[in-house]
Every structure is written in C-alpha cells, then in structure tokens.
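Source file: model_7.cif. Holds: mmCIF, C-alpha atoms.
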data_target
loop_
_atom_site.label_atom_id
_atom_site.label_comp_id
_atom_site.auth_asym_id
_atom_site.auth_seq_id
_atom_site.Cartn_x
_atom_site.Cartn_y
_atom_site.Cartn_z
CA MET S 1 67.60 125.45 140.03
CA ILE S 2 66.14 128.24 142.10
CA GLY S 3 65.19 131.18 139.94
CA ILE S 4 65.09 131.01 136.18
CA ASP S 5 66.98 128.68 133.88
CA TYR S 6 66.36 129.98 130.39
CA SER S 7 68.31 127.12 128.79
CA GLY S 8 65.03 125.28 128.35
CA ALA S 9 63.30 128.19 126.66
CA ALA S 10 61.83 127.89 123.19
CA LEU S 11 63.91 130.91 122.11
CA PRO S 12 67.45 132.14 122.71
CA VAL S 13 67.79 134.37 125.76
CA GLY S 14 70.74 136.70 126.26
CA SER S 15 72.93 136.43 129.32
CA ARG S 16 72.18 140.02 130.38
CA ALA S 17 68.44 139.45 130.49
CA SER S 18 68.89 136.13 132.25
CA ALA S 19 71.13 137.67 134.89
CA ALA S 20 68.85 140.68 135.35
CA HIS S 21 65.77 138.54 135.87
CA ASN S 22 67.49 136.16 138.28
CA ASN S 23 68.93 139.08 140.22
CA ALA S 24 65.47 140.60 140.48
CA LEU S 25 63.91 137.44 141.88
CA HIS S 26 66.68 137.00 144.44
CA ALA S 27 66.46 140.66 145.41
CA ILE S 28 62.73 140.31 145.97
CA ALA S 29 63.33 137.39 148.34
CA ALA S 30 65.55 139.58 150.53
CA PRO S 31 64.28 142.14 153.04
CA GLY S 32 63.45 145.45 151.43
CA ALA S 33 63.00 148.90 152.89
CA TRP S 34 59.45 148.47 154.15
CA TRP S 35 58.58 144.82 153.51
CA SER S 36 60.33 141.65 154.67
CA GLY S 37 61.52 138.93 152.30
CA PRO S 38 58.49 136.70 153.03
CA GLU S 39 56.17 139.67 152.54
CA ARG S 40 57.80 140.58 149.23
CA LEU S 41 57.43 137.00 147.98
CA ALA S 42 53.81 137.06 149.15
CA ILE S 43 53.34 140.20 147.04
CA VAL S 44 54.63 138.28 144.01
CA GLN S 45 52.37 135.32 144.74
CA GLU S 46 49.39 137.64 145.06
CA ALA S 47 50.29 139.40 141.82
CA ARG S 48 50.43 136.02 140.11
CA SER S 49 47.01 134.98 141.34
CA ALA S 50 45.35 138.39 140.85
CA PRO S 51 44.34 137.84 137.20
CA GLU S 52 42.02 135.04 138.36
CA CYS S 53 40.38 137.14 141.09
CA PRO S 54 36.60 136.94 140.66
CA VAL S 55 36.10 140.24 142.47
CA CYS S 56 38.32 142.05 139.99
CA ARG S 57 36.53 140.38 137.09
CA ARG S 58 33.13 141.46 138.35
CA ARG S 59 33.78 145.08 139.05
CA ALA S 60 33.89 147.58 136.24
CA PRO S 61 36.98 149.76 135.95
CA SER S 62 35.10 152.84 137.08
CA THR S 63 34.43 151.24 140.47
CA PHE S 64 38.12 151.48 141.22
CA ALA S 65 37.31 154.99 142.38
CA ALA S 66 35.19 153.62 145.20
CA ILE S 67 36.77 150.52 146.66
CA GLY S 68 35.52 150.69 150.21
CA GLY S 69 34.40 147.34 151.52
CA ILE S 70 35.68 145.31 148.59
CA GLU S 71 37.61 142.26 149.63
CA HIS S 72 39.54 140.10 147.24
CA GLU S 73 39.95 136.37 147.60
CA GLY S 74 43.24 135.04 148.87
CA GLY S 75 45.70 137.58 150.12
CA ASN S 76 48.70 135.44 151.05
CA GLY S 77 48.63 136.89 154.56
CA LEU S 78 49.04 140.46 153.36
CA PRO S 79 46.99 143.37 154.74
CA PRO S 80 43.78 144.12 152.78
CA GLU S 81 45.07 147.47 151.53
CA ALA S 82 48.16 145.74 150.11
CA VAL S 83 45.99 143.14 148.39
CA GLU S 84 43.83 145.88 146.90
CA ALA S 85 46.92 147.70 145.68
CA ILE S 86 48.40 144.58 144.12
CA HIS S 87 45.18 143.67 142.34
CA GLY S 88 44.69 147.20 141.07
CA ILE S 89 48.24 147.46 139.76
CA ARG S 90 48.25 143.98 138.26
CA ASN S 91 44.77 143.90 136.79
CA ASP S 92 43.78 147.41 135.81
CA SER S 93 46.63 149.87 136.20
CA GLY S 94 45.30 152.10 133.42
CA HIS S 95 42.25 153.03 135.47
CA LEU S 96 43.89 153.76 138.82
CA THR S 97 43.02 157.17 140.19
CA ARG S 98 44.26 159.52 142.85
CA ARG S 99 41.20 158.70 144.94
CA TRP S 100 42.04 155.00 144.77
CA PHE S 101 45.61 155.72 145.86
CA ASP S 102 44.40 157.92 148.73
CA HIS S 103 42.15 155.11 149.87
CA VAL S 104 45.07 152.67 149.95
CA ILE S 105 47.16 155.11 151.97
CA ALA S 106 44.29 156.01 154.31
CA ALA S 107 43.83 152.31 155.00
CA GLY S 108 47.24 152.26 156.61
CA MET S 109 50.01 151.91 154.05
CA ARG S 110 52.91 154.34 154.09
CA PRO S 111 53.57 155.93 150.69
CA GLU S 112 57.10 154.51 150.79
CA ALA S 113 55.75 151.00 151.39
CA TYR S 114 53.36 151.54 148.49
CA VAL S 115 56.25 152.55 146.22
CA GLU S 116 58.15 149.40 147.16
CA LEU S 117 55.05 147.30 146.55
CA VAL S 118 54.70 148.87 143.10
CA ALA S 119 58.32 148.00 142.31
CA VAL S 120 57.93 144.41 143.46
CA VAL S 121 54.71 143.86 141.51
CA ALA S 122 56.04 145.49 138.34
CA SER S 123 59.36 143.63 138.53
CA SER S 124 57.56 140.32 138.89
CA VAL S 125 55.35 141.19 135.93
CA VAL S 126 58.45 141.80 133.80
CA VAL S 127 60.10 138.53 134.80
CA ASP S 128 56.97 136.38 134.73
CA THR S 129 55.78 137.76 131.41
CA PHE S 130 59.12 137.06 129.76
CA ALA S 131 59.49 133.56 131.21
CA ARG S 132 56.02 132.59 130.03
CA GLY S 133 56.55 134.40 126.75
CA VAL S 134 59.58 132.29 125.84
CA GLY S 135 57.67 129.12 126.61
CA LEU S 136 58.56 128.39 130.23
CA GLY S 137 56.40 128.17 133.33
CA LEU S 138 56.34 130.77 136.06
CA PRO S 139 59.79 130.86 137.66
CA ASP S 140 60.30 129.17 141.00
CA LEU S 141 60.70 131.75 143.72
CA PRO S 142 63.93 131.69 145.72
CA PRO S 143 63.83 130.94 149.45
CA THR S 144 63.28 134.01 151.54
CA GLN S 145 66.25 135.66 153.13
CA PRO S 146 65.94 136.47 156.82
CA GLY S 147 66.14 139.91 158.27
CA ALA S 148 64.05 142.95 158.99
CA PRO S 149 63.31 145.69 156.49
CA ALA S 150 65.75 148.61 156.51
CA PRO S 151 63.53 151.70 156.13
CA GLU S 152 64.42 154.18 153.40
CA SER S 153 62.81 157.51 152.60
CA SER S 154 64.96 159.61 150.34
CA LYS S 155 65.03 163.35 150.91
CA ALA S 156 66.16 163.99 147.32
CA VAL S 157 62.56 164.08 146.12
CA VAL S 158 60.06 166.74 145.20
CA ASP S 159 56.32 167.09 144.68
CA ALA S 160 56.00 167.06 140.89
CA GLY S 161 52.28 166.42 140.76
CA ALA S 162 52.51 162.64 141.00
CA TRP S 163 50.80 160.70 143.79
CA VAL S 164 54.11 160.39 145.63
CA PRO S 165 57.17 162.63 145.60
CA ILE S 166 59.58 161.77 142.80
CA ALA S 167 63.29 162.43 142.27
CA ARG S 168 64.26 166.08 142.39
CA GLU S 169 66.55 165.64 139.39
CA GLY S 170 65.94 163.88 136.10
CA LYS S 171 64.74 164.38 132.57
CA PHE S 172 62.02 161.75 132.37
CA ASN S 173 59.44 161.36 135.11
CA ILE S 174 59.30 157.59 134.72
CA LEU S 175 62.95 157.38 135.71
CA ARG S 176 62.27 159.65 138.69
CA SER S 177 59.16 157.81 139.80
CA LEU S 178 60.43 155.35 142.42
CA ALA S 179 63.18 157.52 143.87
CA ILE S 180 61.72 157.90 147.33
CA VAL S 181 62.77 154.29 147.99
CA PRO S 182 66.13 153.87 146.23
CA SER S 183 66.25 150.10 146.67
CA ALA S 184 62.81 149.83 145.03
CA ARG S 185 64.00 151.97 142.12
CA ASP S 186 67.08 149.78 141.73
CA LEU S 187 65.00 146.60 141.89
CA PHE S 188 62.60 147.64 139.17
CA PHE S 189 65.04 149.19 136.76
CA GLY S 190 67.41 146.28 137.28
CA ALA S 191 64.64 144.01 136.01
CA PHE S 192 63.54 146.38 133.25
CA ASP S 193 66.75 147.76 131.79
CA THR S 194 67.53 144.93 129.36
CA SER S 195 64.06 145.43 127.86
CA TYR S 196 64.89 148.82 126.37
CA TYR S 197 67.74 151.13 125.44
CA ARG S 198 68.73 151.95 129.00
CA ALA S 199 72.34 150.77 128.69
CA PRO S 200 74.73 151.79 125.90
CA GLU S 201 75.58 148.17 125.18
CA THR S 202 71.94 147.24 124.54
CA ARG S 203 71.41 145.60 121.16
CA PHE S 204 68.26 144.05 119.79
CA ALA S 205 67.78 141.87 116.73
CA LEU S 206 64.98 144.28 115.87
CA THR S 207 65.19 147.74 114.34
CA ARG S 208 64.51 150.75 116.55
CA PRO S 209 61.10 151.33 114.93
CA GLN S 210 60.19 147.69 115.59
CA VAL S 211 61.19 148.03 119.26
CA GLU S 212 59.19 151.25 119.58
CA LEU S 213 56.19 149.62 117.93
CA VAL S 214 56.16 146.76 120.45
CA ALA S 215 56.67 149.19 123.35
CA SER S 216 53.92 151.51 122.14
CA ARG S 217 51.49 148.70 121.56
CA VAL S 218 51.93 147.33 125.07
CA SER S 219 51.57 150.84 126.50
CA ALA S 220 48.36 151.36 124.54
CA MET S 221 47.03 147.95 125.50
CA ASN S 222 47.58 148.74 129.17
CA GLU S 223 45.98 152.14 128.60
CA CYS S 224 49.04 153.91 129.95
CA PHE S 225 48.75 157.67 129.64
CA TYR S 226 52.45 158.29 130.16
CA MET L 1 48.96 152.63 113.87
CA VAL L 2 49.51 151.49 117.39
CA THR L 3 45.99 151.66 118.75
CA GLY L 4 44.16 150.81 115.56
CA SER L 5 44.41 148.14 112.91
CA ILE L 6 47.88 147.16 111.91
CA SER L 7 49.28 146.73 108.49
CA ASP L 8 52.81 145.98 107.38
CA ARG L 9 52.25 148.82 104.94
CA ALA L 10 52.66 151.17 107.91
CA GLY L 11 56.36 151.16 107.20
CA VAL L 12 57.64 148.95 109.97
CA PRO L 13 58.63 145.51 108.72
CA HIS L 14 56.53 142.71 110.25
CA ALA L 15 54.41 145.29 112.09
CA GLY L 16 51.33 143.10 112.13
CA LEU L 17 53.13 140.11 113.60
CA LEU L 18 54.95 142.23 116.18
CA VAL L 19 51.74 143.82 117.37
CA GLU L 20 49.93 140.50 117.62
CA LEU L 21 52.84 139.01 119.53
CA ALA L 22 53.09 142.02 121.85
CA GLU L 23 49.38 141.85 122.63
CA ALA L 24 49.36 138.11 123.27
CA VAL L 25 52.41 138.25 125.53
CA ALA L 26 51.41 141.34 127.49
CA GLY L 27 47.88 139.97 127.81
CA TRP L 28 49.16 136.62 129.06
CA ARG L 29 47.35 134.77 126.28
CA TRP L 30 49.85 131.92 126.18
CA LYS L 31 48.27 129.61 123.63
CA GLU L 32 48.09 132.46 121.15
CA ALA L 33 51.58 133.59 122.14
CA ALA L 34 53.00 130.13 121.44
CA ALA L 35 51.59 130.11 117.92
CA LEU L 36 52.88 133.63 117.29
CA ARG L 37 56.26 132.67 118.72
CA ASN L 38 56.52 129.89 116.17
CA ARG L 39 55.46 132.23 113.42
CA GLY L 40 57.97 134.78 114.66
CA CYS L 41 60.77 132.23 114.47
CA ARG L 42 59.92 131.60 110.84
CA GLU L 43 59.38 135.19 109.76
CA LEU L 44 61.59 137.27 112.09
CA GLY L 45 64.05 134.72 113.39
CA PRO L 46 64.38 133.28 116.91
CA GLN L 47 66.51 136.08 118.39
CA ALA L 48 64.30 138.87 117.07
CA THR L 49 61.24 137.06 118.38
CA SER L 50 62.87 136.68 121.79
CA ASP L 51 63.79 140.37 121.77
CA ALA L 52 60.24 141.38 120.91
CA ILE L 53 59.00 139.36 123.89
CA LEU L 54 61.66 140.97 126.08
CA VAL L 55 60.54 144.47 125.10
CA ALA L 56 56.88 143.59 125.57
CA SER L 57 57.63 142.13 129.01
CA GLY L 58 59.52 145.21 130.11
CA PHE L 59 56.75 147.54 129.02
CA ASN L 60 54.18 145.32 130.69
CA GLY L 61 55.96 146.26 133.92
CA ILE L 62 56.93 149.86 133.37
CA THR L 63 53.44 150.94 132.32
CA ARG L 64 52.27 149.70 135.71
CA VAL L 65 54.90 151.79 137.46
CA ALA L 66 53.87 154.91 135.54
CA ASP L 67 50.18 154.44 136.24
CA ALA L 68 50.56 153.32 139.86
CA ILE L 69 52.78 156.26 140.80
CA GLY L 70 50.53 158.72 138.99
CA ILE L 71 53.39 160.51 137.28
CA ARG L 72 52.62 163.43 135.03
CA LEU L 73 53.83 163.76 131.50
CA ASP L 74 57.23 165.46 131.62
CA PRO L 75 58.07 168.19 129.10
CA HIS L 76 60.59 166.04 127.26
CA THR L 77 58.17 163.16 126.72
CA ALA L 78 55.29 165.53 125.98
CA GLU L 79 57.23 167.47 123.36
CA ALA L 80 58.42 164.32 121.67
CA SER L 81 54.98 162.78 121.52
CA VAL L 82 52.50 165.56 120.68
CA ALA L 83 51.57 164.21 117.27
CA LEU L 84 51.83 160.59 118.36
CA ARG L 85 49.53 161.15 121.33
CA GLU L 86 46.97 162.93 119.21
CA ASN L 87 47.06 160.46 116.35
CA LEU L 88 46.85 157.43 118.59
CA GLY L 89 44.33 158.80 121.06
CA LEU L 90 46.72 158.28 123.96
CA ASN L 91 45.40 161.34 125.77
CA ALA L 92 42.20 159.42 126.40
CA PHE L 93 44.14 157.08 128.67
CA ALA L 94 44.20 159.61 131.49
CA PRO L 95 40.99 158.62 133.29
CA PRO L 96 38.85 161.28 134.95
CA GLY L 97 40.17 161.74 138.46
CA LYS L 98 43.63 160.45 137.62
CA TRP L 99 45.15 163.29 139.59
#
Would you give me this structure, written as structure tokens?
Amino acid sequence: MIGIDYSGAALPVGSRASAAHNNALHAIAAPGAWWSGPERLAIVQEARSAPECPVCRRRAPSTFAAIGGIEHEGGNGLPPEAVEAIHGIRNDSGHLTRRWFDHVIAAGMRPEAYVELVAVVASSVVVDTFARGVGLGLPDLPPTQPGAPAPESSKAVVDAGAWVPIAREGKFNILRSLAIVPSARDLFFGAFDTSYYRAPETRFALTRPQVELVASRVSAMNECFY
Amino acid sequence: MVTGSISDRAGVPHAGLLVELAEAVAGWRWKEAAALRNRGCRELGPQATSDAILVASGFNGITRVADAIGIRLDPHTAEASVALRENLGLNAFAPPGKW
C-alpha cells in the first residue's frame, strides 16, 4: 500500500488520524503553490535524513545566526538555501532567528516558498513521528503527481511582527501563521488537526490535563517560545 | 512541572509516564519509545497510549511551524499563559535575535 497502513501498528489508530495522515502524504506528492510534487517529496526526504547530518551535529545552536558558507551533506537535488531551511527547521527550530530567516530569503527563496517548505517539513514530522511512535517504519511516500506549481500569495495577510505576513484575521497567531499560502496552511492543519482539539468531534482517551501535559512537554522539549 | 522533574503527585494521573513517552517520541528515541509504549499499554491502556503519541506527534510539528514563521505571542495566548510561562521558564525559549 502506498502511504500508511496503520493496521499493523502496535496500538489502535483512529480512522480520522489515519485518513488525515494519508491525505497529507498524498497532498505533499502533488504540485503545491511554489514547489512541484517531486520537489515536495525531496523536502520530505531531506527532512528525514536531516537528523543524521554531521554538519548540524557539529555546529552549536548559536551558529545558526551565521550560516554563510555552511553546506550540508545530501540535499536531494534541492537548492542550498532550501536544504539549510529544512535542516534548521527539522533539527533546531527553537534556535532559529530572524537573521537566519533573512539569510535564507537573501539566498534566493521567496517568502511564500519558504512558508510552503515549512508546512511540508512540519507535516512530514507529524506523520513520521506518529508512524514511528506506534511501532511502524517511516511511511512509503506516494508517487509524485505531475504538474507545475500554481503560485499563491494571499492578500488577506498583515505584518504582525512575524518573519512573514500572517492572516489579517484570527485569534491565535499559530492559526494565522501559514495564511500567505492557503494550500500550505490547509496541508499542515489537515495533518495536525486530529492531534488536538481543533474539531468539535475530537475525543481522546486521555483527560484534558493529560493532553495539555503531553503538548506542553513537547513544546518545552523543542524550546518553542510560542 | 513541564520543564522540570515530573511526579505523578503533580495532580495529573500518570504524569511521569506521559512525559517520558512524549519526550521519547518527539525526540525520535524509538527503542525507549517502544518500552514506554508497552508500559503505557499496561498502565494507561492501548488507546490512551496511542492518543498520547498522536498529541506528541502533532506538537512535534506545530512547534516547528511557530518557530520557523517567527510568530509573536498573541494576546489571547499570552494572557492565558502568564503564570505558566513564568513558572516553567518558557520565556527563556525566545533566543536573542529571534525577531
């Protein structure tokens, strides 16, 4: 089966999570707004290999502020600035700085392409972490779907002090964060939503304090300020 | 409680196990995660263990979105988390030069 078959997992997996994760993988294989299907799958492959990157292991977090000239191994055919972005997001997101982001953009990546890359990396982290967590291997990636990217750059955004413009409307900045590329926003939150109380029908076999404890611990472990 | 040592006396049932499981899963420490998964099945039950892994997986992704987009703390989240952020030292997670 292409995608994820959770029937072999060591634990029960709900149909909503299974569908969400499979949908995310298939969506990644299709052309996005700024990256093609093959490029988006290459982003996932690079995110999967990033934890083993010897360059990332050698450099201290503080050096993320000065990345000029650093080249990671591999790359899966992606431009160097994309590889740097993927490794930074995958390996040390808690130490990313505005200067690091500016460097990535100055190297040639459009902010909208960066936002889509963030969504692809983060979605793959959600799916891969869960698959491995319930005792399976990394999911097989679907075949790429042909076609060119269909550029998106929403005008319903505003400068709210983030590195990129975020949605003009909204209560929580995290939910506004990917709005400049609506398909990227839909990709990520499609993968994420079953992991938290984003839908009224969400039920966990844990109490709310237990869910919040797990969420908070992962946030702290990743040194996430937000 | 969340950034320091964990005790089930903190008031959340199975807090210690949940934190260990969350850390192993989010840190991709699979051997440790497998042992904690088995322990979770015995102490929490299979579905609750699966749900804990689902939550940990989701937050392993969404924290990366928050940090990679450089979003600021919004008033709603800030208001709701003043004491939590102070008690847990979360404010220290904004590195110098973040913005």
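Distance annotation: of S:Gly135, S:Gly74, S:Gly147, S:Pro142, the residue with the minimal separation from chain L is S:Gly135; atom set is all atoms listed in the file.
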Write out as JSON lines a residue-level contact list of chain S versus chain L with cut-off 6 Å: for each qualifying residue the closest pair of atoms and the distance in Å to one decimal, counting all atoms listed in the file, rows sorted by chain and residue number upward.
{"residue": "S:Leu11", "atom": "CA", "partner": "L:Pro46", "partner_atom": "CA", "distance": 5.7}
{"residue": "S:Pro12", "atom": "CA", "partner": "L:Gln47", "partner_atom": "CA", "distance": 5.9}
{"residue": "S:Ser93", "atom": "CA", "partner": "L:Arg64", "partner_atom": "CA", "distance": 5.7}
{"residue": "S:Thr97", "atom": "CA", "partner": "L:Lys98", "partner_atom": "CA", "distance": 4.2}
{"residue": "S:Arg98", "atom": "CA", "partner": "L:Trp99", "partner_atom": "CA", "distance": 5.1}
{"residue": "S:Ala122", "atom": "CA", "partner": "L:Gly61", "partner_atom": "CA", "distance": 4.5}
{"residue": "S:Val125", "atom": "CA", "partner": "L:Gly61", "partner_atom": "CA", "distance": 5.5}
{"residue": "S:Val126", "atom": "CA", "partner": "L:Ser57", "partner_atom": "CA", "distance": 4.9}
{"residue": "S:Thr129", "atom": "CA", "partner": "L:Ser57", "partner_atom": "CA", "distance": 5.3}
{"residue": "S:Phe130", "atom": "CA", "partner": "L:Ser57", "partner_atom": "CA", "distance": 5.3}
{"residue": "S:Gly133", "atom": "CA", "partner": "L:Val25", "partner_atom": "CA", "distance": 5.8}
{"residue": "S:Ala162", "atom": "CA", "partner": "L:Ile71", "partner_atom": "CA", "distance": 4.4}
{"residue": "S:Trp163", "atom": "CA", "partner": "L:Gly70", "partner_atom": "CA", "distance": 5.2}
{"residue": "S:Asn173", "atom": "CA", "partner": "L:Asp74", "partner_atom": "CA", "distance": 5.8}
{"residue": "S:Phe192", "atom": "CA", "partner": "L:Gly58", "partner_atom": "CA", "distance": 5.2}
{"residue": "S:Ser195", "atom": "CA", "partner": "L:Val55", "partner_atom": "CA", "distance": 4.6}
{"residue": "S:Ala205", "atom": "CA", "partner": "L:Ala48", "partner_atom": "CA", "distance": 4.6}
{"residue": "S:Leu206", "atom": "CA", "partner": "L:Ala48", "partner_atom": "CA", "distance": 5.6}
{"residue": "S:Val214", "atom": "CA", "partner": "L:Ala22", "partner_atom": "CA", "distance": 5.8}
{"residue": "S:Ala215", "atom": "CA", "partner": "L:Phe59", "partner_atom": "CA", "distance": 5.9}
{"residue": "S:Arg217", "atom": "CA", "partner": "L:Val2", "partner_atom": "CA", "distance": 5.4}
{"residue": "S:Glu223", "atom": "CA", "partner": "L:Phe93", "partner_atom": "CA", "distance": 5.3}
{"residue": "S:Cys224", "atom": "CA", "partner": "L:Thr63", "partner_atom": "CA", "distance": 5.8}
{"residue": "S:Phe225", "atom": "CA", "partner": "L:Phe93", "partner_atom": "CA", "distance": 4.7}
{"residue": "S:Tyr226", "atom": "CA", "partner": "L:Leu73", "partner_atom": "CA", "distance": 5.8}
Residues matched by the PyMOL selection byres ((chain S and resi 48) around 10), written as JSON, numbers by chain:
{"S": [42, 43, 44, 45, 46, 47, 49, 50, 51, 52, 86, 87, 90, 121, 124, 125, 128, 138]}
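Atom CA of S:Pro80 is positioned 17.3 Å from atom CA of S:Asp92.
Excluding S:Pro79 itself and any same-chain residue fewer than 3 positions from it, the protein and nucleic acid residues within 10 Å of it, counting all atoms listed in the file, are S:Gly75, S:Asn76, S:Ala82, S:Val83, S:Glu84, S:Ala107, S:Gly108, S:Met109.
One distance worth recording is that between atom CA of S:Asp5 and atom CA of S:Phe188, which is 20.2 Å.
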